[in-house]
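Participant: I have a structure here, written as structure tokens, and I will follow up with some questions on it.
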Amino acid sequence: MELHDVWFVLIAVLWTGYFFLEGFDFGIGVLTKLLARDRKEKRVLINTIGPVWDGNEVWLLSAGGATFAAFPEWYATLFSGFYLPLLIILFCLIVRGVAFEYRAKRPEERWQTNWETAIFWTSLIPAVLWGVAFGNIVRGVKIDADMEYVGNFWDLLNPYAILGGLVTLTLFTFHGAVFAGLKTAGDIRVRARALALKLGPVTAVLALGFLLWTQADNGNGWSLGALIVAVVALLAAIGAIAKGREGWSFAFSGVTIAAAVAMLFLTLFPNVMPSSLNDAWNLTVTNASSSPYTLKIMTWCAGIATPVVLLYQGWTYWVFRKRIGTQHIADAHRLR
């Protein structure tokens, strides 16, 4: 296996980690409107991700940085062609981070309500747009012989990509509801499980339709295997949450996300960004990659830094592993 193949796999792993972690993160943000009944319950939900949300976003930075360094042609075409949706995602992530930090800085109800509304929308919009973006990457976009995107924003809003957006939204929200059931105590835990049971079948139908469409258009034997794993894991997650086994359900919903991302990358390879105009203009792991020397240096750096990051983030989740409920939330607005 060549180094550019290795880095294609590593980038797939980084996106898997991002969607697994930021998936329930976005889901919790959406649930602040769908699940929480009052401000105290919103604070409970937000506190479940309070210590980890910023660490989860490191995976996005790593995926973007790795793409820039390992596949500069892919990075250039992707970020120029998808400039507007990616800019919207970036804006949402900035506002979302500010909202988490500023929400409790003042006692006024209007102030806190506005920031909580910002958390909801800046969680929902990226959850949809990431699915739209990856749907277009897999489907193929208008790339010319110079490796440049020659389409427009409206070309990205096709039925397949929109379905992908609905899948990521429902899957992340389901993942977040399961996480809420895992991390909370009391009545909110019971309602989180009930909501997950309602979201599960909807998510399963949308995900099955999207993955079957993907398999029919670009699939192979490996991607079919990943599709089967994703569907079985999602059904297992629904079954586990029905039995009140949030830990198992969360693990299975994580497997669902990992298998779905794996399927998308398996249908791509050896392409990284297909051209819908001419197959000869596809961006591949070969024509879009950096030099072998650059990839070699990157491999050494990743081999040293990655275990440290994983250990630190794992320790963070261990420290903040206990459940919380409304009884743990003080009435003072400055206490989270």
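Ordering of the structure tokens sets the chain letters (A, B, ...); residue numbers start at 1 within each chain; ligands are numbered from 1 in the order shown.
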Report as a PyMOL selection string all protein, DNA and RNA residues lying within 9 Å of range 147-150 of chain A, evaluated on only C-alpha atoms, omitting residues in the same chain fewer than 5 positions from it.

Facilitator: chain A and resi 73-74+76-78+80-82+141-142+275+281-283+288

Participant: List every residue of range 26-261 of chain A that DSSP, applied to the backbone of this structure, assigns to helix (DSSP H, G or I), and report them as an NGL selection string.

Facilitator: :A and (26-34 or 39-49 or 53-56 or 58-70 or 72-81 or 83-102 or 109-139 or 153-156 or 159-183 or 187-218 or 221-242 or 246-261)

Participant: Using only C-alpha atoms, which residue out of A:Leu3, A:Val95, A:Ala242, A:Ala66 lies closest to Glu116 in chain A?

Facilitator: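 Among A:Leu3, A:Val95, A:Ala242, A:Ala66, it is A:Val95 that comes nearest to Glu116 in chain A.
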
Participant: Quick one: residues within 12 Å of Leu197 in chain A, only C-alpha atoms, excluding same-chain residues fewer than 3 positions away - as a list in words?

Facilitator: Thr173, Phe174, His175, Ala177, Val178, Gly181, Val190, Arg191, Ala192, Arg193, Ala194, Gly200, Pro201, Val202, Thr203, Ala204, Leu234, Leu235, Ala236, Ala237, Ile238, Gly239, Ala240, Ile241, Ala242, Lys243, Gly244, Glu246 and Ser249 of chain A

Participant: Would you export the selected residues with C-alpha atoms as a PDB file, in the first residue's frame, please?

Facilitator:
ATOM      1  CA  THR A 173     -30.023  13.711  16.658  1.00  0.00           C
ATOM      2  CA  PHE A 174     -30.672  10.032  17.428  1.00  0.00           C
ATOM      3  CA  HIS A 175     -27.028   9.669  18.515  1.00  0.00           C
ATOM      4  CA  ALA A 177     -30.691  11.411  22.267  1.00  0.00           C
ATOM      5  CA  VAL A 178     -28.969   8.142  23.153  1.00  0.00           C
ATOM      6  CA  GLY A 181     -30.045   9.008  28.004  1.00  0.00           C
ATOM      7  CA  VAL A 190     -36.642   8.682  30.473  1.00  0.00           C
ATOM      8  CA  ARG A 191     -37.799  11.222  27.900  1.00  0.00           C
ATOM      9  CA  ALA A 192     -34.464  11.041  26.058  1.00  0.00           C
ATOM     10  CA  ARG A 193     -34.925   7.273  25.651  1.00  0.00           C
ATOM     11  CA  ALA A 194     -38.507   7.765  24.467  1.00  0.00           C
ATOM     12  CA  GLY A 200     -34.762   5.536  15.459  1.00  0.00           C
ATOM     13  CA  PRO A 201     -37.201   4.207  12.822  1.00  0.00           C
ATOM     14  CA  VAL A 202     -37.172   7.512  10.904  1.00  0.00           C
ATOM     15  CA  THR A 203     -33.387   7.498  10.915  1.00  0.00           C
ATOM     16  CA  ALA A 204     -33.295   3.870   9.797  1.00  0.00           C
ATOM     17  CA  LEU A 234     -28.557   0.939  13.795  1.00  0.00           C
ATOM     18  CA  LEU A 235     -31.262  -1.654  14.386  1.00  0.00           C
ATOM     19  CA  ALA A 236     -29.255  -2.963  17.347  1.00  0.00           C
ATOM     20  CA  ALA A 237     -28.985   0.579  18.729  1.00  0.00           C
ATOM     21  CA  ILE A 238     -32.764   0.969  18.526  1.00  0.00           C
ATOM     22  CA  GLY A 239     -33.284  -2.399  20.201  1.00  0.00           C
ATOM     23  CA  ALA A 240     -30.832  -1.590  22.981  1.00  0.00           C
ATOM     24  CA  ILE A 241     -32.397   1.781  23.789  1.00  0.00           C
ATOM     25  CA  ALA A 242     -35.817   0.098  23.888  1.00  0.00           C
ATOM     26  CA  LYS A 243     -34.454  -2.119  26.672  1.00  0.00           C
ATOM     27  CA  GLY A 244     -32.962   0.828  28.532  1.00  0.00           C
ATOM     28  CA  GLU A 246     -28.059   3.298  26.773  1.00  0.00           C
ATOM     29  CA  SER A 249     -27.158   1.704  22.212  1.00  0.00           C
TER      30      SER A 249
END

Participant: Measure the distance from CA of Thr170 in chain A to CA of Ala127 in chain A in Å and round it to one decimal.

Facilitator: 8.7 Å

Participant: List every residue of range 92-286 of chain A that DSSP, applied to the backbone, labels as strand (DSSP E or B), and write the result as a list in words.

Facilitator: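 In range 92-286 of chain A, DSSP puts these residues in strand (DSSP E or B): Val141, Ile143, Tyr149, Thr184, Asn271, Val272, Met273, Ser275, Leu283 and Thr284 of chain A.
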
Participant: Limited to all heavy atoms, could you put the picked residues into a file as a PDB file, in the first residue's frame?

Facilitator:
ATOM      1  N   VAL A 141     -19.083  16.001  -8.669  1.00  0.00           N
ATOM      2  CA  VAL A 141     -19.463  17.374  -8.994  1.00  0.00           C
ATOM      3  C   VAL A 141     -18.772  17.800 -10.284  1.00  0.00           C
ATOM      4  O   VAL A 141     -17.956  17.065 -10.836  1.00  0.00           O
ATOM      5  CB  VAL A 141     -19.082  18.336  -7.839  1.00  0.00           C
ATOM      6  CG1 VAL A 141     -19.924  18.062  -6.608  1.00  0.00           C
ATOM      7  CG2 VAL A 141     -17.599  18.232  -7.499  1.00  0.00           C
ATOM      8  N   ILE A 143     -16.202  19.053 -12.171  1.00  0.00           N
ATOM      9  CA  ILE A 143     -14.773  19.352 -12.134  1.00  0.00           C
ATOM     10  C   ILE A 143     -14.236  19.259 -13.560  1.00  0.00           C
ATOM     11  O   ILE A 143     -14.512  18.281 -14.272  1.00  0.00           O
ATOM     12  CB  ILE A 143     -14.020  18.370 -11.224  1.00  0.00           C
ATOM     13  CG1 ILE A 143     -14.562  18.466  -9.788  1.00  0.00           C
ATOM     14  CG2 ILE A 143     -12.521  18.629 -11.246  1.00  0.00           C
ATOM     15  CD1 ILE A 143     -13.989  17.434  -8.849  1.00  0.00           C
ATOM     16  N   TYR A 149     -13.527  23.264  -9.813  1.00  0.00           N
ATOM     17  CA  TYR A 149     -14.984  23.143  -9.766  1.00  0.00           C
ATOM     18  C   TYR A 149     -15.600  24.233 -10.639  1.00  0.00           C
ATOM     19  O   TYR A 149     -15.305  25.422 -10.464  1.00  0.00           O
ATOM     20  CB  TYR A 149     -15.464  23.275  -8.324  1.00  0.00           C
ATOM     21  CG  TYR A 149     -16.968  23.204  -8.175  1.00  0.00           C
ATOM     22  CD1 TYR A 149     -17.652  22.007  -8.341  1.00  0.00           C
ATOM     23  CD2 TYR A 149     -17.704  24.346  -7.850  1.00  0.00           C
ATOM     24  CE1 TYR A 149     -19.032  21.943  -8.191  1.00  0.00           C
ATOM     25  CE2 TYR A 149     -19.082  24.289  -7.693  1.00  0.00           C
ATOM     26  CZ  TYR A 149     -19.737  23.088  -7.874  1.00  0.00           C
ATOM     27  OH  TYR A 149     -21.107  23.034  -7.729  1.00  0.00           O
ATOM     28  N   THR A 184     -27.636  11.499  31.516  1.00  0.00           N
ATOM     29  CA  THR A 184     -28.536  12.226  32.410  1.00  0.00           C
ATOM     30  C   THR A 184     -29.226  11.277  33.374  1.00  0.00           C
ATOM     31  O   THR A 184     -29.194  10.048  33.209  1.00  0.00           O
ATOM     32  CB  THR A 184     -29.599  13.004  31.614  1.00  0.00           C
ATOM     33  OG1 THR A 184     -30.365  12.089  30.813  1.00  0.00           O
ATOM     34  CG2 THR A 184     -28.954  14.045  30.721  1.00  0.00           C
ATOM     35  N   ASN A 271     -10.795   7.306  -6.079  1.00  0.00           N
ATOM     36  CA  ASN A 271     -11.071   8.736  -6.247  1.00  0.00           C
ATOM     37  C   ASN A 271     -11.137   9.418  -4.885  1.00  0.00           C
ATOM     38  O   ASN A 271     -11.431   8.787  -3.872  1.00  0.00           O
ATOM     39  CB  ASN A 271     -12.399   8.941  -6.975  1.00  0.00           C
ATOM     40  CG  ASN A 271     -12.388   8.363  -8.374  1.00  0.00           C
ATOM     41  OD1 ASN A 271     -11.418   8.494  -9.115  1.00  0.00           O
ATOM     42  ND2 ASN A 271     -13.474   7.702  -8.753  1.00  0.00           N
ATOM     43  N   VAL A 272     -10.895  10.700  -4.875  1.00  0.00           N
ATOM     44  CA  VAL A 272     -11.156  11.499  -3.684  1.00  0.00           C
ATOM     45  C   VAL A 272     -12.266  12.509  -3.956  1.00  0.00           C
ATOM     46  O   VAL A 272     -12.940  12.974  -3.033  1.00  0.00           O
ATOM     47  CB  VAL A 272      -9.892  12.233  -3.189  1.00  0.00           C
ATOM     48  CG1 VAL A 272      -8.855  11.237  -2.703  1.00  0.00           C
ATOM     49  CG2 VAL A 272      -9.308  13.141  -4.260  1.00  0.00           C
ATOM     50  N   MET A 273     -12.460  12.820  -5.245  1.00  0.00           N
ATOM     51  CA  MET A 273     -13.534  13.728  -5.634  1.00  0.00           C
ATOM     52  C   MET A 273     -13.828  13.500  -7.117  1.00  0.00           C
ATOM     53  O   MET A 273     -13.116  14.015  -7.988  1.00  0.00           O
ATOM     54  CB  MET A 273     -13.122  15.178  -5.373  1.00  0.00           C
ATOM     55  CG  MET A 273     -14.283  16.135  -5.214  1.00  0.00           C
ATOM     56  SD  MET A 273     -13.730  17.715  -4.523  1.00  0.00           S
ATOM     57  CE  MET A 273     -15.287  18.612  -4.551  1.00  0.00           C
ATOM     58  N   SER A 275     -15.424  13.602 -10.885  1.00  0.00           N
ATOM     59  CA  SER A 275     -15.985  14.613 -11.774  1.00  0.00           C
ATOM     60  C   SER A 275     -17.234  14.056 -12.434  1.00  0.00           C
ATOM     61  O   SER A 275     -17.223  12.941 -12.967  1.00  0.00           O
ATOM     62  CB  SER A 275     -14.964  15.011 -12.848  1.00  0.00           C
ATOM     63  OG  SER A 275     -15.568  15.814 -13.836  1.00  0.00           O
ATOM     64  N   LEU A 283     -10.508  13.550  -9.471  1.00  0.00           N
ATOM     65  CA  LEU A 283      -9.376  13.694  -8.561  1.00  0.00           C
ATOM     66  C   LEU A 283      -9.197  12.360  -7.849  1.00  0.00           C
ATOM     67  O   LEU A 283     -10.145  11.821  -7.282  1.00  0.00           O
ATOM     68  CB  LEU A 283      -9.637  14.793  -7.534  1.00  0.00           C
ATOM     69  CG  LEU A 283      -9.846  16.216  -8.064  1.00  0.00           C
ATOM     70  CD1 LEU A 283      -9.983  17.185  -6.904  1.00  0.00           C
ATOM     71  CD2 LEU A 283      -8.692  16.635  -8.950  1.00  0.00           C
ATOM     72  N   THR A 284      -7.982  11.825  -7.885  1.00  0.00           N
ATOM     73  CA  THR A 284      -7.709  10.516  -7.306  1.00  0.00           C
ATOM     74  C   THR A 284      -6.629  10.629  -6.231  1.00  0.00           C
ATOM     75  O   THR A 284      -6.005  11.684  -6.066  1.00  0.00           O
ATOM     76  CB  THR A 284      -7.236   9.528  -8.389  1.00  0.00           C
ATOM     77  OG1 THR A 284      -5.934   9.936  -8.850  1.00  0.00           O
ATOM     78  CG2 THR A 284      -8.207   9.506  -9.567  1.00  0.00           C
TER      79      THR A 284
END

Participant: Might you pull out every residue within 6 Å of range 157-164 of chain A, with only C-alpha atoms counted and same-chain residues fewer than 5 positions away left off, and present them as a list in words?

Facilitator: Gly131, Val132, Gly135 and Asn136 of chain A
